[in-house]
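J.: Contents of run00.cif (mmCIF, C-alpha atoms) are below:
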data_my_file
#
loop_
_atom_site.label_atom_id
_atom_site.label_comp_id
_atom_site.auth_asym_id
_atom_site.auth_seq_id
_atom_site.Cartn_x
_atom_site.Cartn_y
_atom_site.Cartn_z
CA MET A 1 24.75 -23.47 -20.61
CA MET A 2 23.05 -26.22 -22.59
CA CYS A 3 21.35 -27.55 -19.44
CA THR A 4 20.09 -24.07 -18.64
CA ASP A 5 18.69 -23.65 -22.15
CA MET A 6 17.02 -27.06 -22.00
CA SER A 7 15.48 -26.21 -18.63
CA LYS A 8 14.08 -22.97 -20.00
CA ARG A 9 12.66 -24.78 -23.03
CA PHE A 10 11.11 -27.45 -20.85
CA ALA A 11 9.54 -24.83 -18.55
CA TYR A 12 8.15 -22.98 -21.55
CA LEU A 13 6.69 -26.16 -23.05
CA MET A 14 5.08 -27.03 -19.73
CA ILE A 15 3.43 -23.59 -19.56
CA VAL A 16 2.13 -23.95 -23.12
CA LEU A 17 0.87 -27.46 -22.42
CA TRP A 18 -0.88 -26.34 -19.25
CA CYS A 19 -2.60 -23.55 -21.12
CA TYR A 20 -4.11 -26.14 -23.42
CA ILE A 21 -5.20 -28.62 -20.77
CA CYS A 22 -6.32 -26.29 -17.97
CA PRO A 23 -10.09 -25.96 -17.72
CA VAL A 24 -11.70 -22.92 -19.28
CA SER A 25 -12.81 -20.38 -16.71
CA SER A 26 -12.73 -16.59 -16.31
CA LYS A 27 -10.24 -14.60 -18.35
CA THR A 28 -8.47 -11.35 -17.58
CA TYR A 29 -8.35 -8.53 -20.12
CA MET A 30 -5.73 -5.94 -19.24
CA VAL A 31 -4.38 -2.66 -20.58
CA SER A 32 -0.95 -1.93 -19.11
CA VAL A 33 0.24 1.68 -19.46
CA GLY A 34 3.58 3.15 -18.39
CA VAL A 35 4.92 6.63 -19.08
CA ALA A 36 8.42 7.47 -17.90
CA ASP A 37 9.53 9.59 -20.87
CA TYR A 38 7.10 12.52 -21.03
CA PRO A 39 7.53 15.30 -23.65
CA GLY A 40 10.61 17.31 -22.69
CA THR A 41 12.61 16.29 -19.63
CA LYS A 42 11.06 18.18 -16.71
CA ASN A 43 8.39 15.60 -15.93
CA ASP A 44 10.29 12.42 -16.73
CA LEU A 45 10.23 9.44 -14.38
CA LYS A 46 12.66 6.52 -14.09
CA LEU A 47 10.81 3.23 -13.90
CA SER A 48 7.22 3.67 -15.08
CA ASP A 49 7.77 2.03 -18.47
CA HIS A 50 9.48 -0.91 -16.74
CA ASP A 51 6.53 -1.13 -14.35
CA ALA A 52 4.08 -1.56 -17.23
CA LEU A 53 6.28 -4.23 -18.80
CA THR A 54 6.50 -6.06 -15.48
CA MET A 55 2.71 -6.18 -15.20
CA ARG A 56 2.40 -7.31 -18.82
CA ASN A 57 4.95 -10.08 -18.28
CA LEU A 58 3.27 -11.19 -15.06
CA TYR A 59 -0.22 -11.48 -16.51
CA GLU A 60 1.02 -13.10 -19.71
CA LYS A 61 2.33 -15.98 -17.59
CA ASN A 62 -1.30 -16.70 -16.86
CA CYS A 63 -2.76 -18.66 -19.77
CA GLN A 64 -6.10 -16.94 -19.24
CA ALA A 65 -4.87 -13.35 -19.61
CA ASP A 66 -4.98 -11.08 -22.66
CA VAL A 67 -2.76 -8.00 -22.26
CA ALA A 68 -2.27 -4.88 -24.38
CA ILE A 69 0.69 -2.66 -23.47
CA LEU A 70 1.33 1.03 -24.20
CA ILE A 71 4.50 2.77 -23.03
CA ASN A 72 5.93 6.30 -23.34
CA ASP A 73 4.96 8.01 -26.61
CA LYS A 74 2.73 5.06 -27.54
CA ALA A 75 0.58 5.91 -24.50
CA LYS A 76 -1.22 8.94 -25.90
CA LEU A 77 -4.71 9.43 -24.52
CA SER A 78 -6.42 8.36 -27.76
CA ASP A 79 -4.32 5.17 -27.89
CA VAL A 80 -5.05 4.30 -24.26
CA THR A 81 -8.80 4.80 -24.55
CA ARG A 82 -8.94 2.91 -27.83
CA GLN A 83 -7.13 -0.06 -26.31
CA MET A 84 -9.32 0.01 -23.22
CA LYS A 85 -12.45 -0.09 -25.36
CA SER A 86 -11.06 -2.88 -27.53
CA GLN A 87 -9.87 -5.04 -24.63
CA PHE A 88 -12.76 -4.52 -22.25
CA GLU A 89 -15.50 -5.20 -24.77
CA LYS A 90 -14.11 -8.75 -25.18
CA ALA A 91 -14.99 -9.63 -21.59
CA SER A 92 -18.00 -11.67 -20.49
CA LYS A 93 -19.65 -11.32 -17.09
CA ASP A 94 -17.35 -13.83 -15.36
CA ASP A 95 -14.16 -12.18 -16.65
CA VAL A 96 -11.88 -9.56 -15.09
CA ILE A 97 -10.87 -6.28 -16.71
CA ILE A 98 -7.85 -4.31 -15.48
CA LEU A 99 -6.29 -0.95 -16.25
CA TYR A 100 -2.74 -0.73 -14.92
CA PHE A 101 -1.12 2.71 -15.01
CA SER A 102 2.33 3.88 -13.97
CA GLY A 103 3.21 7.53 -14.39
CA HIS A 104 2.04 10.87 -13.02
CA GLY A 105 -1.18 11.10 -11.05
CA ILE A 106 -3.42 14.17 -11.18
CA PRO A 107 -6.55 15.16 -9.23
CA GLY A 108 -9.28 13.00 -10.72
CA GLY A 109 -7.15 10.85 -13.00
CA PHE A 110 -3.78 10.06 -14.57
CA MET A 111 -1.45 11.81 -16.99
CA CYS A 112 -0.99 9.91 -20.24
CA TYR A 113 1.86 10.87 -22.57
CA ASN A 114 0.08 13.92 -23.95
CA GLN A 115 -3.25 14.39 -22.15
CA ARG A 116 -5.13 13.61 -18.96
CA LEU A 117 -7.14 10.46 -18.50
CA TYR A 118 -9.97 11.34 -16.13
CA TYR A 119 -11.93 8.94 -14.00
CA ASN A 120 -15.17 9.71 -15.78
CA THR A 121 -13.60 8.31 -18.94
CA ILE A 122 -12.34 5.23 -17.11
CA TYR A 123 -15.77 4.63 -15.59
CA LYS A 124 -17.45 5.06 -18.95
CA LEU A 125 -15.17 2.60 -20.73
CA MET A 126 -15.39 0.07 -17.93
CA SER A 127 -19.14 0.36 -17.50
CA SER A 128 -19.67 -0.69 -21.13
CA SER A 129 -17.95 -4.01 -20.36
CA GLN A 130 -19.99 -7.03 -19.27
CA ALA A 131 -17.31 -8.01 -16.72
CA ARG A 132 -18.38 -7.95 -13.09
CA SER A 133 -14.83 -7.55 -11.79
CA LYS A 134 -13.32 -4.18 -12.78
CA ILE A 135 -9.97 -3.05 -11.45
CA VAL A 136 -7.65 -0.05 -11.70
CA LEU A 137 -4.08 -0.49 -10.42
CA ALA A 138 -1.92 2.64 -10.37
CA ASP A 139 1.69 3.36 -9.39
CA ALA A 140 1.50 7.12 -9.80
CA CYS A 141 3.15 10.09 -8.14
CA PHE A 142 0.76 11.54 -5.54
CA SER A 143 -1.81 9.07 -6.84
CA GLY A 144 -4.04 9.71 -3.84
CA LYS A 145 -4.86 13.07 -5.43
CA ALA A 146 -6.84 11.13 -7.97
CA ARG A 147 -9.48 10.60 -5.28
CA LYS A 148 -10.34 14.30 -5.24
CA ALA A 149 -13.62 15.04 -6.92
CA GLY A 150 -13.60 17.34 -9.89
CA LYS A 151 -15.67 18.11 -12.93
CA ARG A 152 -14.32 15.15 -14.88
CA GLY A 153 -12.86 13.12 -12.04
CA ASN A 154 -15.77 12.47 -9.74
CA VAL A 155 -15.63 9.37 -7.59
CA ARG A 156 -18.83 7.54 -8.48
CA LYS A 157 -20.55 5.32 -5.93
CA ASP A 158 -22.22 3.33 -8.70
CA GLY A 159 -19.04 2.79 -10.68
CA ASN A 160 -18.48 -0.77 -9.40
CA VAL A 161 -14.71 -0.38 -9.89
CA MET A 162 -11.90 -1.22 -7.48
CA PHE A 163 -9.07 1.33 -7.35
CA PHE A 164 -5.75 0.29 -5.82
CA LEU A 165 -3.43 3.31 -5.74
CA SER A 166 0.18 3.43 -4.67
CA SER A 167 0.07 6.31 -2.16
CA ARG A 168 -1.99 8.78 -0.21
CA THR A 169 -2.77 12.30 -1.42
CA ASN A 170 0.27 13.93 0.20
CA GLU A 171 2.79 11.17 -0.52
CA LYS A 172 5.23 10.39 -3.29
CA SER A 173 5.25 6.97 -4.91
CA LEU A 174 8.86 6.06 -4.33
CA GLU A 175 11.45 4.62 -6.71
CA TYR A 176 14.79 3.24 -5.53
CA ARG A 177 17.88 3.39 -7.72
CA ASN A 178 18.78 -0.29 -7.37
CA TRP A 179 15.20 -1.55 -7.86
CA LYS A 180 13.78 -2.56 -11.25
CA ASN A 181 10.33 -1.23 -10.38
CA GLY A 182 8.66 1.36 -8.24
CA VAL A 183 8.14 0.11 -4.68
CA PHE A 184 4.37 -0.32 -5.12
CA THR A 185 4.70 -2.24 -8.39
CA ALA A 186 7.48 -4.42 -6.95
CA TYR A 187 5.20 -5.60 -4.14
CA LEU A 188 2.22 -5.79 -6.46
CA ASP A 189 4.22 -8.12 -8.69
CA ARG A 190 5.37 -10.28 -5.76
CA GLY A 191 1.89 -10.42 -4.29
CA LEU A 192 0.19 -11.39 -7.54
CA ARG A 193 2.81 -14.07 -8.21
CA GLY A 194 1.68 -15.81 -5.04
CA GLY A 195 3.08 -13.87 -2.12
CA ALA A 196 -0.38 -12.60 -1.22
CA ASP A 197 -2.06 -16.03 -1.52
CA THR A 198 -2.36 -16.62 2.21
CA ASP A 199 -4.80 -19.54 1.94
CA GLY A 200 -2.93 -21.27 -0.88
CA ASN A 201 -5.97 -21.62 -3.17
CA ARG A 202 -4.20 -19.98 -6.14
CA ILE A 203 -6.71 -17.12 -6.16
CA ILE A 204 -5.45 -13.67 -5.11
CA THR A 205 -8.34 -11.64 -3.74
CA ALA A 206 -8.58 -7.88 -3.26
CA ARG A 207 -8.34 -8.31 0.51
CA GLU A 208 -5.25 -10.53 0.30
CA LEU A 209 -3.53 -8.24 -2.18
CA PHE A 210 -4.13 -5.08 -0.18
CA LYS A 211 -2.78 -6.61 3.02
CA TYR A 212 0.37 -7.97 1.38
CA VAL A 213 1.20 -4.91 -0.72
CA SER A 214 0.38 -2.27 1.88
CA GLU A 215 2.44 -3.98 4.57
CA GLY A 216 5.37 -4.49 2.20
CA VAL A 217 5.35 -0.92 0.88
CA LYS A 218 5.10 0.62 4.35
CA ALA A 219 8.03 -1.48 5.57
CA ALA A 220 10.20 -0.83 2.50
CA THR A 221 9.65 2.94 2.65
CA ASN A 222 9.99 3.30 6.42
CA ASN A 223 6.30 4.22 6.63
CA LEU A 224 6.61 7.06 4.10
CA GLN A 225 4.21 5.55 1.55
CA HIS A 226 0.77 4.07 2.20
CA PRO A 227 -1.19 2.39 -0.63
CA VAL A 228 -4.95 2.99 -0.67
CA MET A 229 -7.79 0.85 -1.98
CA TRP A 230 -11.30 2.18 -2.52
CA GLY A 231 -14.42 1.89 -4.64
CA LYS A 232 -17.47 -0.33 -4.83
CA PHE A 233 -16.30 -3.95 -4.89
CA ASP A 234 -16.31 -7.24 -3.00
CA ASN A 235 -13.25 -7.79 -0.78
CA GLU A 236 -13.16 -11.38 -2.04
CA MET A 237 -13.10 -10.30 -5.68
CA PRO A 238 -10.33 -12.18 -7.53
CA VAL A 239 -7.52 -10.01 -8.89
CA MET A 240 -5.46 -12.94 -10.14
CA ILE A 241 -6.44 -16.59 -10.64
CA TRP A 242 -3.71 -19.18 -11.18
CA LYS A 243 -4.88 -22.53 -12.59
#
Would you mind writing the file out in structure tokens?
T.:
Amino acid sequence: MMCTDMSKRFAYLMIVLWCYICPVSSKTYMVSVGVADYPGTKNDLKLSDHDALTMRNLYEKNCQADVAILINDKAKLSDVTRQMKSQFEKASKDDVIILYFSGHGIPGGFMCYNQRLYYNTIYKLMSSSQARSKIVLADACFSGKARKAGKRGNVRKDGNVMFFLSSRTNEKSLEYRNWKNGVFTAYLDRGLRGGADTDGNRIITARELFKYVSEGVKAATNNLQHPVMWGKFDNEMPVMIWK
């Protein structure tokens, strides 16, 4: 037990040391949202709060990431938009901003704990940021429905935002009882940790991530779930940079 504790302490110290000596480059500013426990019980999910924690833990391992997390009743619409504004306005042009959401998807957006977060709001908050790389990652039930245009959920060609959603319009985003995360988030986590880094340069690009996650999800669900990626972005845009 003592050896295990010493190993953990050594690993932690090495991470801290590396954060101090690694060269300064682009940072990632993230808001990680997960709602499993909605008001009442009818709309509850199983793993969405764990999904948000998983993404927070993953990005916090990167010394150049700043993550705010909101789960369950802390993920009211006003709280989510306030955190997005606060986080994203910190970014400079070479930085990356990310909204991660796990919960229910709706046409034109996502369902926070108490109200709907429409794409127009996401675009508005992201457009005010100086960051060139803007990303939305979502593990949401029927998340493909979010692509449908609506009064407040229009897909904007000038939005300059990459959306990576867990499933097509007519598909469920699956959860398995013995898994700690939804299938999409599980492969997202594995891919961003390095599984998707096919060229070994420690930079996970949008193209690499989509290939890894989509293939993994389709195989794990027996072709029942198909992640989708869309928006105005460069396929070589970095989603995760490990130094």
J.: Pick the closest to Tyr113 (chain A) from A:Ile97, A:Ala91, A:Leu70, A:Cys141: which is it, counting only C-alpha atoms?
T.: A:Leu70
J.: My list of candidates is A:Thr121, A:Thr169, A:Ser92, A:Ser102. Which is closest to Leu137 (chain A) when distances are computed with only C-alpha atoms?
T.: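 Result for the nearest residue to Leu137 (chain A): A:Ser102.
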J.: Which residue, A:Ala68, A:Ala206, A:Leu53, A:Val35, has the smallest gap to Lys180 (chain A) when you use only C-alpha atoms?
T.: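 Comparing A:Ala68, A:Ala206, A:Leu53, A:Val35 against Lys180 (chain A), the winner is A:Leu53.
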J.: On this structure, which residues satisfy the PyMOL selection byres ((chain A and resi 210-227) around 9), written as a VMD selection string?
T.: chain A and resid 144 164 to 168 171 to 174 183 to 188 190 to 191 195 to 197 205 to 209 228 to 229
J.: I'd like the residues picked by the PyMOL selection byres ((chain A and resi 73) around 8) written out as a PyMOL selection string, using the chain letters and numbers from the file.
T.: chain A and resi 35+37-38+71-72+74-76+113
J.: Using all atoms listed in the file, pick whichever of A:Ile204, A:Ala52, A:Met237, A:Leu47 has the shortest atom-to-atom distance to Asp95 (chain A).
T.: A:Met237
J.: Please write as a compact mmCIF listing (two decimals) with C-alpha atoms, in the coordinates of the input the full residue list that the PyMOL selection byres ((chain A and resi 84) around 10) yields on this file.
T.:
# COMPACT_ATOMS: atom_id res chain seq x y z
CA TYR A 29 -8.35 -8.53 -20.12
CA MET A 30 -5.73 -5.94 -19.24
CA VAL A 31 -4.38 -2.66 -20.58
CA SER A 32 -0.95 -1.93 -19.11
CA ALA A 68 -2.27 -4.88 -24.38
CA SER A 78 -6.42 8.36 -27.76
CA ASP A 79 -4.32 5.17 -27.89
CA VAL A 80 -5.05 4.30 -24.26
CA THR A 81 -8.80 4.80 -24.55
CA ARG A 82 -8.94 2.91 -27.83
CA GLN A 83 -7.13 -0.06 -26.31
CA LYS A 85 -12.45 -0.09 -25.36
CA SER A 86 -11.06 -2.88 -27.53
CA GLN A 87 -9.87 -5.04 -24.63
CA PHE A 88 -12.76 -4.52 -22.25
CA GLU A 89 -15.50 -5.20 -24.77
CA ILE A 97 -10.87 -6.28 -16.71
CA ILE A 98 -7.85 -4.31 -15.48
CA LEU A 99 -6.29 -0.95 -16.25
CA ILE A 122 -12.34 5.23 -17.11
CA LEU A 125 -15.17 2.60 -20.73
CA MET A 126 -15.39 0.07 -17.93
CA SER A 129 -17.95 -4.01 -20.36
J.: Mind pulling up the distance from CA of Ile135 (chain A) to CA of Asn160 (chain A)?
T.: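 Going from CA of Asn160 (chain A) over to CA of Ile135 (chain A) covers 9.0 Å.
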J.: Counting all atoms listed in the file, which residue out of A:Ala138, A:Met111, A:Leu77, A:Ile106 sits closest to Asn170 (chain A)?
T.: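 Closest to Asn170 (chain A) of all the choices is A:Ile106.
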J.: Determine the nearest neighbour of Tyr123 (chain A) from the options A:Asn62, A:Val33, A:Met162, A:Gly103, counting only C-alpha atoms.
T.: A:Met162
J.: What is the distance between CA of Lys46 (chain A) and CA of Asn120 (chain A), in Å to one decimal?
T.: 28.1 Å
J.: Just how far from CA of Trp230 (chain A) is CA of Leu117 (chain A), in Å to one decimal?
T.: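 Taking CA of Leu117 (chain A) and CA of Trp230 (chain A), their separation equals 18.5 Å.
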